[in-house]
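Take a look at the structure set out below.
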Amino acid sequence: MELNTTARTNQFMLDVIDEIVRARTKHKGNAHQLAALSEEHGELAQAMLQRDYEPDKKDDGDVYLEAVQTAAMAIRVATEGDSTFGYNPTNGAAIYAAKMKMREGAKE
């Protein structure tokens, strides 16, 4: 039975949360997180391409796994920052909220 889009999204987010917990246990701290995100993104692209052009190497499960890991790293960068760079997640979230409020005001 095919899950609807909302159910798939909810399950994906639960899988991402599990991956964040696993990754934080395995990789303490926030150094080189941008590099890790870039690596995961590359692995997602590779899995997607291999799934179509080399189906003996990758399948839908591999694509999903890489998507989960990429999303988890994006969340870690957004919420934890990367000590290699000067990004401040607290400032980032506050500025984002202000920009979204301005965007909503512009739509009215």
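In the structure tokens, chains take the letters A, B, ... in the order shown, each chain's residues start at 1, and ligands count up from 1 in the order shown.
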
So that I can check the surroundings of Ile17 of chain A, please list as a tab-separated table (two decimals) with N, CA and C atoms, in the first residue's frame every protein, DNA and RNA residue that reaches within 12 Å of it, counting only C-alpha atoms and ignoring chain neighbours fewer than 3 positions away.
chain	number	residue	atom	x	y	z
A	10	ASN	N	6.46	12.52	7.03
A	10	ASN	CA	6.56	12.29	8.47
A	10	ASN	C	7.55	11.17	8.78
A	11	GLN	N	7.48	10.07	8.04
A	11	GLN	CA	8.40	8.96	8.26
A	11	GLN	C	9.83	9.38	7.95
A	12	PHE	N	10.00	10.13	6.88
A	12	PHE	CA	11.33	10.62	6.52
A	12	PHE	C	11.91	11.47	7.65
A	13	MET	N	11.11	12.37	8.18
A	13	MET	CA	11.59	13.24	9.27
A	13	MET	C	11.96	12.42	10.51
A	14	LEU	N	11.18	11.40	10.81
A	14	LEU	CA	11.53	10.52	11.94
A	14	LEU	C	12.85	9.81	11.67
A	20	ILE	N	20.26	11.90	13.03
A	20	ILE	CA	20.93	12.98	13.76
A	20	ILE	C	21.44	12.46	15.10
A	21	VAL	N	20.61	11.73	15.81
A	21	VAL	CA	21.01	11.16	17.11
A	21	VAL	C	22.21	10.23	16.92
A	22	ARG	N	22.15	9.36	15.90
A	22	ARG	CA	23.24	8.44	15.64
A	22	ARG	C	24.52	9.20	15.28
A	23	ALA	N	24.39	10.21	14.42
A	23	ALA	CA	25.56	10.96	13.97
A	23	ALA	C	26.18	11.77	15.10
A	24	ARG	N	25.36	12.35	15.98
A	24	ARG	CA	25.91	13.12	17.11
A	24	ARG	C	26.65	12.22	18.08
A	68	VAL	N	18.39	10.73	3.68
A	68	VAL	CA	18.27	10.88	5.14
A	68	VAL	C	19.56	11.46	5.70
A	69	GLN	N	20.70	10.91	5.29
A	69	GLN	CA	21.98	11.40	5.82
A	69	GLN	C	22.27	12.83	5.38
A	70	THR	N	21.89	13.19	4.16
A	70	THR	CA	22.08	14.56	3.69
A	70	THR	C	21.21	15.53	4.48
A	71	ALA	N	19.95	15.18	4.70
A	71	ALA	CA	19.05	16.03	5.47
A	71	ALA	C	19.55	16.18	6.91
A	72	ALA	N	20.03	15.09	7.48
A	72	ALA	CA	20.54	15.14	8.85
A	72	ALA	C	21.72	16.10	8.95
A	73	MET	N	22.62	16.04	7.98
A	73	MET	CA	23.77	16.94	8.01
A	73	MET	C	23.36	18.39	7.78
A	74	ALA	N	22.36	18.61	6.91
A	74	ALA	CA	21.88	19.98	6.69
A	74	ALA	C	21.30	20.54	7.99
A	75	ILE	N	20.57	19.72	8.71
A	75	ILE	CA	20.00	20.16	9.99
A	75	ILE	C	21.11	20.42	10.99
A	76	ARG	N	22.12	19.57	11.03
A	76	ARG	CA	23.23	19.80	11.96
A	76	ARG	C	23.96	21.10	11.65

Contacts of Leu34 of chain A at 8 Å or less, counting only C-alpha atoms, minus same-chain residues fewer than 3 places along, as an mmCIF file with C-alpha atoms, in the first residue's frame?
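Listing of around_17.cif after writing:
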data_model
loop_
_atom_site.group_PDB
_atom_site.id
_atom_site.type_symbol
_atom_site.label_atom_id
_atom_site.label_comp_id
_atom_site.auth_asym_id
_atom_site.auth_seq_id
_atom_site.Cartn_x
_atom_site.Cartn_y
_atom_site.Cartn_z
ATOM 1 C CA LEU A 37 27.224 17.870 4.230
ATOM 2 C CA SER A 38 28.946 18.253 0.857
ATOM 3 C CA VAL A 77 24.855 22.630 10.003
ATOM 4 C CA ASP A 82 30.517 24.485 11.877
#

message: Residues within 12 Å of Gly86 of chain A, please, as JSON, numbers by chain. Count only C-alpha atoms; anything in the same chain fewer than 4 positions from it doesn't count.
response: {"A": [30, 31, 32, 34, 77, 80, 81, 82, 90, 91, 92]}

field: Residues of chain A in alpha helix (DSSP H), written as a PyMOL selection string
entry: chain A and resi 5-26+33-53+60-80+89-107
